[in-house]
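Participant: Below are the C-alpha cells for one structure; questions will follow.
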Amino acid sequence: MTNKTGNIILIGMVAGAVLGVLGGYFAGSLFLSIKFLGTIFLNALKMVVVPLIVASMIVGVTSLGDIRKLGRTAGKTLLYYLATTGFSVIVGIILVNLVRPGEGVEYFGTAIPELVAQSKEKTLVDVVIGLIPDNIVGAAAEGKILPLIVFSLVFGAVLSASGEKARPVIAFFEGLNVAIMKLVILIIYFAPVGVMALIGAIVAERRDTLDELVTGLGWYAATVIIGLLIHAVITLPLLLRYLGKKRPFTYFVNMGQALATAFTTASSSATLPITMELVEEKNLVDSRAASFVLPLGATINMDGTALYEAVAAIFIAQIYGIDLTVGQQIIVFMTATLASIGAAGIPHAGTVMMVFVLQAVNLPLEGIGLIWAIDWFLDRCRTTVNVWGDSIGAAVIGETAEIKGGPS
Ligand code: ASP
C-alpha cells in the first residue's frame, strides 16, 4: 500500500469514527441497522488472526536462527513487557491515590456481571495449564491465542533444528506469511466503513450510559484516562526514542490505522494483523522482531489493561470505604500486572480478570458491577494503549544486538 493510499484510509477511518459517534447518537436505529458492516470488518480481521500468528511466529523463530538467540530475544522481550507493564501500574496506583475518585460515590448495589461470574472459579494454575493446548486445532477454532503461540514457538524452534528435511516446511510458512499480509491490506481498505458501523452501533446501544461517564463515574474514568495518557504520551515515547531509536510522532502517525482499529474493536488480537502490517511496512521495524514480539504482545503485554485494573481495584476499595494498606497496594500492583498478562486480547477480558485482583485483597466482587457500566468505553481506551505499547516493544526489541547483529 502506498503512503498516499494509507493516509486516505486513515483519514477515512477518523471520519468514519466521527460519523459513527454523531450518527449513533442522533440516528441510532439507522446505525444499528448497518451494524452488520462492522461485524463483517471484525470477522475479516479475526479470520486472519490464527494463520497470521502461526505463520509469523514460525517465520520469526526460524529466521532468528540459533536457539540461544531465540532464548535471549524472548528473555529481553519478556523483561521489556514486565518493566513497562509494571511501570504503568505504578502510575495508575499513584494517580488513584491522589485523585481518590471513589470518595463520595454512592454505591448503587449492582450485581456481578454474568461474564465475570463465570470466571470466578478460575485460578492462576488454570491459566498456566491453558498454555499447553491438548488439541491445537481446537485451540485455533476457539481463538485461544496463547496456546497457539506456545505451539508455534516450540514448533518453529524444532523446525530450525531439523536441517534440510524441514526446509520446505519453513518455506511454506514463509509463503503463507506473505499471502496473509496481502489479505490484511485488503481488509484495511474496508476499515473506514467498518469503523463507522461499529462505533455507530456501540454509541446507539450505549447512549444511556454516556451520562454515567460524566456523572458518578466521571472521576474514575478521568483517572484511568489520565493514567493511560501519561503512559502513552510520556513513558512509551521516551522508550521508543531512546531504546527503539525512532521518532515518536512519526511512529504514532504511522500506527494510526491500528490505533483506530484498536479503539473500534476493543481487541488487541483482532487488531494484530493491522499492527503487524504497519510496524513492518510503515515503521520499518525488522520483521524478525515484529513477527516475534507482536503476536506475543497482543496477548501478554497490556500496559493499559494493567493500569486500569489497579485503578479500578483501588477505586472499588474507596467506594466501600476500605483503606488499603501499602502492603495491600503492593498486592494490587502484583496481581494487576499478572492479571493483565493472563487477560486475552478480546473485549472486556481485563475486567473479567479483575476478579483475581479483587480476591487477592478481599474486596467485594460486586464492585465490578458498578464499573461495568462504562467498561465499553474504558476498554477501548486501554486497548488502544495496549496496541501502542506492543508496537513500541517491537521497535525496542528490533534494536537489540540479537536482531541487529544477525543476517536479515
Ligand atoms: N480489550 C483489551 C485488549 O484486547 C483487554 C482488556 O479487556 O483490557 O487489549
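Here's how to read the names in the C-alpha cells: chain A, B, ... by the order shown, residue numbers from 1 in each chain, ligand numbers from 1 in the order shown.
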Against region 53-68 of chain A, which residues of region 264-346 of chain A fall within 9 Å? For each one I want the closest pair of atoms and the distance in Å (one decimal), counting only C-alpha atoms, rows by chain and increasing residue number, as CSV.
Facilitator:
```
residue,atom,partner,partner_atom,distance
A:Leu272,CA,A:Ile53,CA,8.8
A:Pro273,CA,A:Ile53,CA,8.7
A:Ser287,CA,A:Gly60,CA,7.4
A:Arg288,CA,A:Gly60,CA,4.8
A:Ala289,CA,A:Gly60,CA,7.1
A:Ala290,CA,A:Gly60,CA,7.9
A:Ser291,CA,A:Ser56,CA,5.1
A:Phe292,CA,A:Gly60,CA,5.3
A:Val293,CA,A:Met57,CA,8.7
A:Pro295,CA,A:Ile53,CA,6.1
A:Leu296,CA,A:Met57,CA,8.8
```
Participant: Taking only C-alpha atoms and all ligand atoms and a cut-off of 9 Å, can you tell me which residues surround ligand 1, written as a ChimeraX atom specification?
Facilitator: /A:262,265-271,298-299,301-306,308-309,340,343-353,375,378-387
Participant: Hey, what's within 7 Å of Val195 (chain A) if we count only C-alpha atoms and toss same-chain stuff fewer than 6 positions away? As a list in words, please?
Facilitator: Met13, Gly16, Ala17, Gly38 and Thr264 of chain A
Participant: Which residues are near region 316-327 of chain A? Cut-off 8 Å, only C-alpha atoms, ignore same chain within fewer than 6 positions. Put them as a PyMOL selection string.
Facilitator: chain A and resi 100-107+363+367-368
Participant: Under the rule that only C-alpha atoms are counted, which of A:Thr73, A:Ser29, A:Ser88, A:Ser160 is the nearest residue to Glu399 (chain A)?
Facilitator: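 Smallest separation from Glu399 (chain A) among the options: A:Thr73.
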Participant: Please compute the CA of Ile314 (chain A)-CA of Ile90 (chain A) distance, one decimal, in Å.
Facilitator: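 Atom-to-atom, CA of Ile314 (chain A) to CA of Ile90 (chain A), that is 12.3 Å.
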Participant: Considering only C-alpha atoms, can you say which of A:Leu32, A:Ala313, A:Ile9, A:Ile397 comes closest to Val203 (chain A)?
Facilitator: A:Leu32
Participant: May I ask for the distance between CA of Asn43 (chain A) and CA of Ser391 (chain A), given in Å to one decimal place?
Facilitator: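 About the pair CA of Asn43 (chain A) and CA of Ser391 (chain A): they are 22.5 Å apart.
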Participant: Under the rule that only C-alpha atoms are counted, which of A:Ala83, A:Leu365, A:Val154, A:Ile136 is the nearest residue to Thr235 (chain A)?
Facilitator: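 Comparing A:Ala83, A:Leu365, A:Val154, A:Ile136 against Thr235 (chain A), the winner is A:Ala83.
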Participant: What is the distance between CA of Pro364 (chain A) and CA of Gly218 (chain A), in Å to one decimal?
Facilitator: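 Atom-to-atom, CA of Pro364 (chain A) and CA of Gly218 (chain A) are spaced 21.2 Å apart.
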Participant: Please provide as a list of chain:residue names all residues within 12 Å of Arg247 (chain A), with the sequence filter that same-chain residues fewer than 3 positions apart are discarded (counting only C-alpha atoms).
Facilitator: A:Leu236, A:Pro237, A:Leu238, A:Leu239, A:Leu240, A:Arg241, A:Tyr242, A:Leu243, A:Gly244, A:Thr250, A:Tyr251, A:Phe252, A:Val253, A:Asn254, A:Asn283, A:Ile392, A:Ala395
Participant: Where in region 137-347 of chain A does DSSP assign helix (DSSP H, G or I), given as an MDAnalysis selection string?
Facilitator: chainID A and resid 137:141 145:160 164:189 191:205 207:214 218:242 248:254 256:265 268:281 287:300 303:319 326:342
Participant: Compare A:Asn177, A:Thr275, A:Thr261, A:Ser162 by their minimum atom-to-atom distance to Gly393 (chain A), counting only C-alpha atoms, and give me the closest one.
Facilitator: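 Using only C-alpha atoms, the shortest distance to Gly393 (chain A) belongs to A:Thr275.
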Participant: Find the residue from A:Ala310, A:Ala360, A:Ile199, A:Val224 that sits nearest to Leu42 (chain A); use only C-alpha atoms when measuring.
Facilitator: A:Ile199
Participant: Taking only C-alpha atoms into account, name the residue in A:Leu45, A:Phe333, A:Leu148, A:Asn362 that is nearest to Tyr189 (chain A).
Facilitator: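 Ranking A:Leu45, A:Phe333, A:Leu148, A:Asn362 by distance to Tyr189 (chain A), first place goes to A:Leu45.
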Participant: Excluding Val48 (chain A) and any residue of its chain fewer than 6 positions from it, enumerate the residues within 8 Å of it, using only C-alpha atoms, and give them as a PyMOL selection string.
Facilitator: chain A and resi 180+183-184+273
Participant: Write out as a PyMOL selection string the residues lying within 9 Å of region 74-76 of chain A, counting only C-alpha atoms and excluding same-chain residues fewer than 2 positions away.
Facilitator: chain A and resi 69-72+78-81+292-293+397+400
Participant: Kindly export the residues of the current selection with N, CA and C atoms, as a short mmCIF file (atom, residue, chain, number, x, y, z; two decimals), in the first residue's frame.
Facilitator:
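Written out: again.cif:
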```cif
data_model
loop_
_atom_site.label_atom_id
_atom_site.label_comp_id
_atom_site.auth_asym_id
_atom_site.auth_seq_id
_atom_site.Cartn_x
_atom_site.Cartn_y
_atom_site.Cartn_z
N LYS A 69 19.92 -17.51 20.50
CA LYS A 69 19.49 -16.18 20.10
C LYS A 69 18.00 -16.01 20.40
N LEU A 70 17.28 -17.09 20.13
CA LEU A 70 15.85 -17.07 20.39
C LEU A 70 15.60 -16.89 21.88
N GLY A 71 16.35 -17.62 22.69
CA GLY A 71 16.19 -17.53 24.14
C GLY A 71 16.46 -16.12 24.64
N ARG A 72 17.54 -15.53 24.13
CA ARG A 72 17.89 -14.18 24.60
C ARG A 72 16.85 -13.16 24.16
N LEU A 78 10.33 -10.41 27.24
CA LEU A 78 9.54 -10.56 28.45
C LEU A 78 9.92 -9.51 29.49
N LEU A 79 11.21 -9.26 29.59
CA LEU A 79 11.69 -8.26 30.55
C LEU A 79 11.12 -6.88 30.20
N TYR A 80 11.17 -6.56 28.92
CA TYR A 80 10.64 -5.27 28.47
C TYR A 80 9.15 -5.17 28.80
N TYR A 81 8.41 -6.24 28.50
CA TYR A 81 6.97 -6.24 28.77
C TYR A 81 6.69 -6.05 30.24
N PHE A 292 7.87 -11.77 15.99
CA PHE A 292 8.02 -12.48 17.24
C PHE A 292 7.35 -11.71 18.38
N VAL A 293 7.62 -10.41 18.42
CA VAL A 293 7.19 -9.58 19.55
C VAL A 293 5.68 -9.28 19.51
N ILE A 397 12.79 -4.05 20.68
CA ILE A 397 13.45 -5.35 20.50
C ILE A 397 14.18 -5.37 19.15
N THR A 400 17.81 -4.57 19.48
CA THR A 400 18.71 -5.36 20.33
C THR A 400 19.81 -6.01 19.49
#
```
